[in-house]
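The structure appears below as structure tokens.
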2 protein chains.
Amino acid sequence: MAENQESKESLSENLQQVIALLDKQKLVEDLVHKQEMPHHDLVESLVHKQNLAKLQQKLDALHPADVADILEALPLEQRLDVWELVKVERDGDILLEVSDAVRQTLIADMNSDELLAAAEQLDTDELADLAPDLPKDVLQDLLDNLDAQNRARLQSALSYSEDAVGAIMDFDIVTIREDITLEVALRYMRRLGSLPDHTDKLFVVDRDEILRGVLPLKLLVVSDLDAIVADVMSDDAVTFHPEDVAEDAAKAFERYDLVTAPVVDASNKLIGRITVDAVMDLIREEAESDMLSMAGLREEEDFFASVWKSVQNRWAWLAINLITALVASRVIGLFEGSIEKIVALAALMPIVAGIGGNSGNQTTTMIVRGLALGQVASHNMQSLITKELGVALLNGLLWGGVLGAIAYALYGNFQLGLVMMAAMTLNLMLAALMGVVIPLYMNKFGRDPAVGSSVLITAVTDSGGFLIFLGLATLFLI
Amino acid sequence: MAENQESKESLSENLQQVIALLDKQKLVEDLVHKQEMPHHDLVESLVHKQNLAKLQQKLDALHPADVADILEALPLEQRLDVWELVKVERDGDILLEVSDAVRQTLIADMNSDELLAAAEQLDTDELADLAPDLPKDVLQDLLDNLDAQNRARLQSALSYSEDAVGAIMDFDIVTIREDITLEVALRYMRRLGSLPDHTDKLFVVDRDEILRGVLPLKLLVVSDLDAIVADVMSDDAVTFHPEDVAEDAAKAFERYDLVTAPVVDASNKLIGRITVDAVMDLIREEAESDMLSMAGLREEEDFFASVWKSVQNRWAWLAINLITALVASRVIGLFEGSIEKIVALAALMPIVAGIGGNSGNQTTTMIVRGLALGQVASHNMQSLITKELGVALLNGLLWGGVLGAIAYALYGNFQLGLVMMAAMTLNLMLAALMGVVIPLYMNKFGRDPAVGSSVLITAVTDSGGFLIFLGLATLFLI
């Protein structure tokens with residue numbers, strides 16, 4: 001990268017600088033405090049102000065997204081110190097860039113007037129993103145301040161579910177009529193003086209705002225000036241409805257390499273557009289949320305959230321995990337008699353359970369990805385299970401054999417080695433079966449297979465592993 | 001979605017239809033085979049041909065990306081049946097869309113002539129994506145067939161690492177000079193007759209191809225026709241070098257909402273461009289590869305890969321897991337004496353280990369994400385550890401208390417309950433510490449923290465959990 005070198009090496013460097021300035025600031029304050037100087041002392045007013053000015057200058061020079069990153073990377077106290085220095089007219093843009101969790105900490109620090117001032121800098125679609133986090137009275141004030149069209153837009157945007165196209169669309173649409181020449185269209189563009197970001201096509205509508213087609217700027221600049229819009233425009237553009245699933249729209253953007261696409265209502269009336277930057281944000285968020293879900297985190301977490309908030313975000317899966325661990329423990333409890341006789345069983349049983357969990361998670365991760373891409377569904381469940389069982393059988397005989405040999409070497413009991421091998425093979429096969437079936441069934445019943453699949457698999461392979469190993473041992477060794 | 005309804009509901013429906021046709025086909029073949037009819041029998045030649053024609057028609061109507069999805073979702077045999085029906089001039093586009101693993105199965109089914117024919121349909125940058133999977137002799141033939149400029153481009157594209165900007169750039173650049181008027185520029189566009197996909201800006205270069213600035217089409221259509229390009233263009237565009245890290249370029253695209261960006265060499269000479277569609281593919285792939293890595297899969301896997309290939313993709317982490325499980329088993333082995341005396345220890349110890357692993361994975365997943373976003377680094381390691389230890393302490397006392405009570409209730413041993421609670425708290429704190437430290441140190445030493453963090457954490461919390469629990473029990477209960 002060349003011109004934007006500065007902002008590129010950014011985050012860590014910017015962060016260092018901001019922290020250094022904050023620390024200096026803290027030092028001065030401590031000094032003032034320690035010497036019990038009055039707050040309006042000369043030292044404070046000079047050094048303090050100089051410092052603040054430097055920090056503010058630094059922040060003003062940064063892109064809102066860069067400021068957002070700095071805020072996310074700072075512990076709460078420092079974060080709020082920095083936030084107070086951000087110019088109020090930039091507050092809105094920065095609030096849009098930070099994660100939900102961090103946004104809440106920032107909003108909690110602002111009063112109604114500050115929030116209103118920040119919100120007034122935003123477009124309607126941006127407001128819609130922010131609105132759920134705003135206090136009710138601020139939101140009401142905001143709605144009252146909007147003109148009729150924007151109020152209607154904001155209310156309709158808020159009415160769509162978070163996962164719908166309506167929630168990611170914006171209203172920056174430029175429309176033309178189909179019966180004009182390109183020359184007239186170009187003259188109209190020049191009269192407008194500027195086009196919204198990402199405009200790669202104009203939307204062609206009739207007088208009732210019904211979408212007739214789209215005219216890519218690319219065609220506008222290469223086509224004959226005397227041509228009529230209707231003859232040049234493409235009338236089979238990909239369009240979306242506001243209630244479509246946003247993730248499907250994202251797939252269409254990837255598939256058909258779109259930059260913008262019109263959003264129309266049931267009667268094909270143009271109501272907004274989706275842009276590729278909203279789609280990229282969505283893809284990034286979806287991928288992250290899948291990753292977090294698989295680990296049993298409810299949502300993206302502020303790294304410097306209070307301990308209590310973090311506990312809330314994580315307790316649900318920990319509790320489920322606790323219950324499944326208890327079940328596994330009770331399974332072992334059933335065989336306490338066998339363990340008393342052959343204490344080696346206690347040392348070997350976690351291996352069987354652990355490898356099963358690991359292997360089951362590999363399978364599940366693949367299936368969750370396949371479901372997300374639409375490549376896995378009930379119709380190929382059968383062949384997936386067959387294949388995964390094959391992999392498990394091979395791994396089981398291979399690694400189970402190795403472990404059986406090790407068990408034999410450690411405890412000098414050949415039969416124990418055989419039981420070890422058999423149990424590993426069976427538990428790997430159980431893991432394979434469940435690794436395919438659990439996410440597929442979760443998907444079938446409308447649950448997100450990424451959420452907690454991993455915890456469920458581990459539950460089955462733990463209890464199953466203990467049951468199989470201790471059961472076989474009790475049958476053949478006791 | 002409206003106009004593209006058909007392709008939207010696509011994958012599962014298209015797949016159903018293709019499979020139905022394939023099955024019919026199979027039925028006819030079986031019939032022919034069973035009745036030992038000669039292969040040129042009337043039945044076959046009619047029904048068979050009709051069927052094939054239908055299938056081919058269906059495939060021809062689909063977007064290459066849709067055909068790619070169908071190929072990925074089909075088991076190998078059916079996949080190759082469908083592949084043979086795809087028109088040779090579409091082979092190249094489809095090969096670009098399928099995953100690496102599936103691409104290899106398709107290429108293995110093609111002879112040199114077919115591969116050459118497919119490759120000839122592609123642009124140089126697309127060829128570069130395909131080249132690593134092509135047999136050496138085909139690649140050589142291809143290079144021989146290219147003109148000097150494209151050969152040089154292909155060779156340089158192949159020389160960049162997979163993670164570099166050079167590997168995702170293309171050469172579809174439209175350049176103009178800075179001293180012409182917009183009117184002249186527009187006349188030049190019309191003479192060109194068409195612009196490459198995604199062209200949202202023209203690149204302004206001097207006669208040595210040195211980049212002087214970029215002229216967004218948006219500005220071209222709204223500005224005064226008599227204006228000079230140099231006065232309208234923006235000269236602080238975000239630019240990249242081919243050896244820049246592609247993932248950083250992707251972040252810049254998200255941050256600065258880019259659609260295309262120029263790629264320049266060290267002397268600022270324009271050599272190519274990056275487009276947002278390549279960036280979206282990259283984001284999707286990176287996110288997937290993180291998810292797969294965390295589960296210990298080496299790479300994206302063909303769902304219908306042979307059992308043997310799957311075993312190869314997964315064995316490394318399973319083997320590591322096996323070793324860590326063995327270590328944990330030996331830790332238990334140290335305490336066999338204690339277990340013989342209090343067999344309840346065997347039933348309770350997996351709970352301590354399991355909850356630790358689960359909780360450590362939650363922490364690690366958060367940190368891996370934070371590292372990817374650049375929000376976590378050594379400078380805030382201290383405060384992250386403090387916070388995570390706090391969460392662990394709270395969870396430990398809470399859930400450890402619950403489990404201690406359950407242990408007391410089950411085994412009537414109050415001290416056992418206390419040991420349980422203490423062990424859980426300590427192991428959760430160990431998990432928290434390792435959950436922060438392991439990914440941070442992996443990152444520091446240039447390893448991808450997503451790869452295997454999860455396996456390492458589990459290893460520590462398993463062995464650690466057994467050691468803490470059995471150690472405390474031996475100290476206080478035996």
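Identifiers for the structure tokens are assigned positionally: chains receive A, B, ... in sequence, residues are indexed from 1 per chain, and ligands are indexed from 1 in the order shown.
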
What residues in chain A lie within 6 Å of chain B, counting only C-alpha atoms, written as a CSV table (one decimal) with N, CA and C atoms, in the first residue's frame?
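And here's result-v1.csv as it stands now:
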chain,number,residue,atom,x,y,z
A,1,MET,N,0.8,-1.2,0.0
A,1,MET,CA,0.0,0.0,0.0
A,1,MET,C,0.9,1.2,0.0
A,2,ALA,N,0.5,2.3,-0.7
A,2,ALA,CA,1.4,3.4,-0.8
A,2,ALA,C,0.8,4.6,-0.1
A,4,ASN,N,-1.9,5.3,1.4
A,4,ASN,CA,-2.5,5.2,2.7
A,4,ASN,C,-1.7,4.4,3.7
A,73,ALA,N,-10.2,-1.4,21.4
A,73,ALA,CA,-9.0,-2.0,22.0
A,73,ALA,C,-8.6,-1.4,23.3
A,189,MET,N,-27.4,13.9,-14.7
A,189,MET,CA,-26.4,13.5,-13.7
A,189,MET,C,-25.6,14.8,-13.4
A,190,ARG,N,-25.2,15.5,-14.4
A,190,ARG,CA,-24.4,16.7,-14.2
A,190,ARG,C,-25.1,17.7,-13.4
A,193,GLY,N,-24.9,16.8,-9.8
A,193,GLY,CA,-23.6,17.3,-9.2
A,193,GLY,C,-22.9,16.2,-8.4
A,194,SER,N,-23.5,15.3,-7.9
A,194,SER,CA,-22.8,14.2,-7.2
A,194,SER,C,-23.7,13.0,-7.1
A,222,VAL,N,-20.2,4.2,-22.2
A,222,VAL,CA,-19.7,3.6,-23.4
A,222,VAL,C,-20.7,3.7,-24.5
A,223,SER,N,-22.0,3.9,-24.2
A,223,SER,CA,-23.0,3.8,-25.3
A,223,SER,C,-23.2,5.1,-26.0
A,238,VAL,N,-30.7,-8.6,-10.9
A,238,VAL,CA,-31.1,-9.3,-9.7
A,238,VAL,C,-31.7,-8.2,-8.7
A,239,THR,N,-32.9,-8.6,-8.2
A,239,THR,CA,-33.6,-7.7,-7.3
A,239,THR,C,-33.9,-8.4,-6.0
A,240,PHE,N,-34.1,-7.7,-4.9
A,240,PHE,CA,-34.4,-8.3,-3.7
A,240,PHE,C,-35.7,-7.7,-3.1
A,241,HIS,N,-36.3,-8.5,-2.2
A,241,HIS,CA,-37.4,-7.9,-1.4
A,241,HIS,C,-36.9,-7.6,0.0
A,257,ASP,N,-21.4,-11.3,-8.5
A,257,ASP,CA,-20.5,-10.2,-8.5
A,257,ASP,C,-21.1,-8.9,-8.6
A,277,ASP,N,-20.8,-3.0,0.3
A,277,ASP,CA,-20.1,-2.8,1.6
A,277,ASP,C,-20.9,-3.3,2.8
A,287,ALA,N,-19.7,-15.0,9.6
A,287,ALA,CA,-18.6,-15.9,9.8
A,287,ALA,C,-18.1,-15.9,11.3
A,295,ALA,N,-18.1,-22.2,19.7
A,295,ALA,CA,-17.4,-22.3,21.0
A,295,ALA,C,-18.4,-22.0,22.2
A,307,VAL,N,-16.6,-8.2,34.2
A,307,VAL,CA,-16.6,-9.6,34.5
A,307,VAL,C,-18.0,-10.2,34.5
A,325,ALA,N,-21.5,-33.1,31.6
A,325,ALA,CA,-20.4,-33.6,32.3
A,325,ALA,C,-20.9,-34.5,33.4
A,329,SER,N,-20.3,-38.3,34.2
A,329,SER,CA,-19.8,-38.8,35.5
A,329,SER,C,-20.7,-39.9,36.1
A,332,ILE,N,-19.8,-43.1,34.5
A,332,ILE,CA,-18.7,-43.7,35.1
A,332,ILE,C,-19.1,-44.3,36.5
A,333,GLY,N,-19.9,-43.6,37.2
A,333,GLY,CA,-20.4,-44.1,38.5
A,333,GLY,C,-21.0,-45.5,38.4
A,340,GLU,N,-12.8,-50.2,40.6
A,340,GLU,CA,-12.1,-50.6,41.8
A,340,GLU,C,-11.2,-51.9,41.6
A,346,ALA,N,-9.6,-46.3,34.9
A,346,ALA,CA,-9.8,-44.9,35.2
A,346,ALA,C,-8.8,-44.0,34.4
A,347,ALA,N,-7.6,-44.5,34.2
A,347,ALA,CA,-6.5,-43.7,33.5
A,347,ALA,C,-6.8,-43.8,32.0
A,348,LEU,N,-7.3,-44.9,31.5
A,348,LEU,CA,-7.5,-45.0,30.1
A,348,LEU,C,-8.7,-44.4,29.5
A,351,ILE,N,-9.0,-41.1,27.5
A,351,ILE,CA,-8.4,-41.1,26.1
A,351,ILE,C,-9.5,-41.4,25.1
A,362,GLN,N,-14.4,-32.4,14.3
A,362,GLN,CA,-13.9,-32.2,12.9
A,362,GLN,C,-15.0,-32.5,12.0
A,375,GLN,N,-24.4,-27.1,0.5
A,375,GLN,CA,-23.9,-28.3,-0.2
A,375,GLN,C,-24.3,-29.6,0.5
A,391,VAL,N,-14.1,-43.3,7.5
A,391,VAL,CA,-13.0,-42.6,8.1
A,391,VAL,C,-12.8,-43.0,9.5

Helix (DSSP H, G or I) call set, DSSP backbone run, stretch 208-443 of chain B, as a PyMOL selection string: chain B and resi 217-222+229-232+246-256+276-294+307-334+336-341+344-373+378-411+414-443

Stretch 172-404 of chain B: residues DSSP assigns to strand (DSSP E), reported as a list in words: Thr175, Ile176, Lys201, Leu202, Phe203, Val204, Val205, Leu211, Arg212, Gly213, Val214, Leu215, Pro216, Thr260, Ala261, Pro262, Val263, Val264, Leu270, Ile271, Gly272, Arg273, Ile274 and Thr275 of chain B

Keeping C-alpha atoms for every residue in the selection just given, could you write it to a file as a compact mmCIF listing (two decimals), in the first residue's frame?
# COMPACT_ATOMS: atom_id res chain seq x y z
CA THR B 175 -6.29 3.88 -18.23
CA ILE B 176 -6.50 7.50 -19.38
CA LYS B 201 -12.98 4.14 -11.68
CA LEU B 202 -10.52 4.79 -14.48
CA PHE B 203 -6.82 4.77 -13.69
CA VAL B 204 -4.98 7.93 -14.67
CA VAL B 205 -1.39 7.22 -15.74
CA LEU B 211 -0.19 6.04 -11.60
CA ARG B 212 -1.16 9.70 -11.24
CA GLY B 213 -4.61 9.28 -9.75
CA VAL B 214 -8.00 7.67 -10.23
CA LEU B 215 -11.14 9.03 -11.87
CA PRO B 216 -14.34 7.50 -10.48
CA THR B 260 -11.70 -1.53 -7.06
CA ALA B 261 -8.21 -0.35 -6.20
CA PRO B 262 -5.04 -0.04 -8.30
CA VAL B 263 -2.02 -2.25 -7.69
CA VAL B 264 1.33 -0.54 -8.35
CA LEU B 270 0.30 0.56 -12.51
CA ILE B 271 0.36 -3.22 -12.92
CA GLY B 272 -3.16 -4.38 -12.09
CA ARG B 273 -6.16 -3.92 -9.86
CA ILE B 274 -8.06 -5.62 -7.08
CA THR B 275 -11.85 -5.88 -7.22

Residues within 12 Å of A:Leu80, only C-alpha atoms, excluding chain neighbours under 2 positions, as JSON, numbers by chain: {"A": [22, 70, 71, 72, 73, 74, 75, 76, 77, 78, 82, 83, 84, 85, 86, 102, 103, 104, 105, 106, 107, 108, 109, 110]}

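For the pair atom CA of B:Asn51 and atom CA of B:Gln121, the interatomic distance is 28.1 Å.
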
Computed interatomic separation between atom CA of A:Ile385 and atom CA of A:Val436 (Å): 6.4 Å
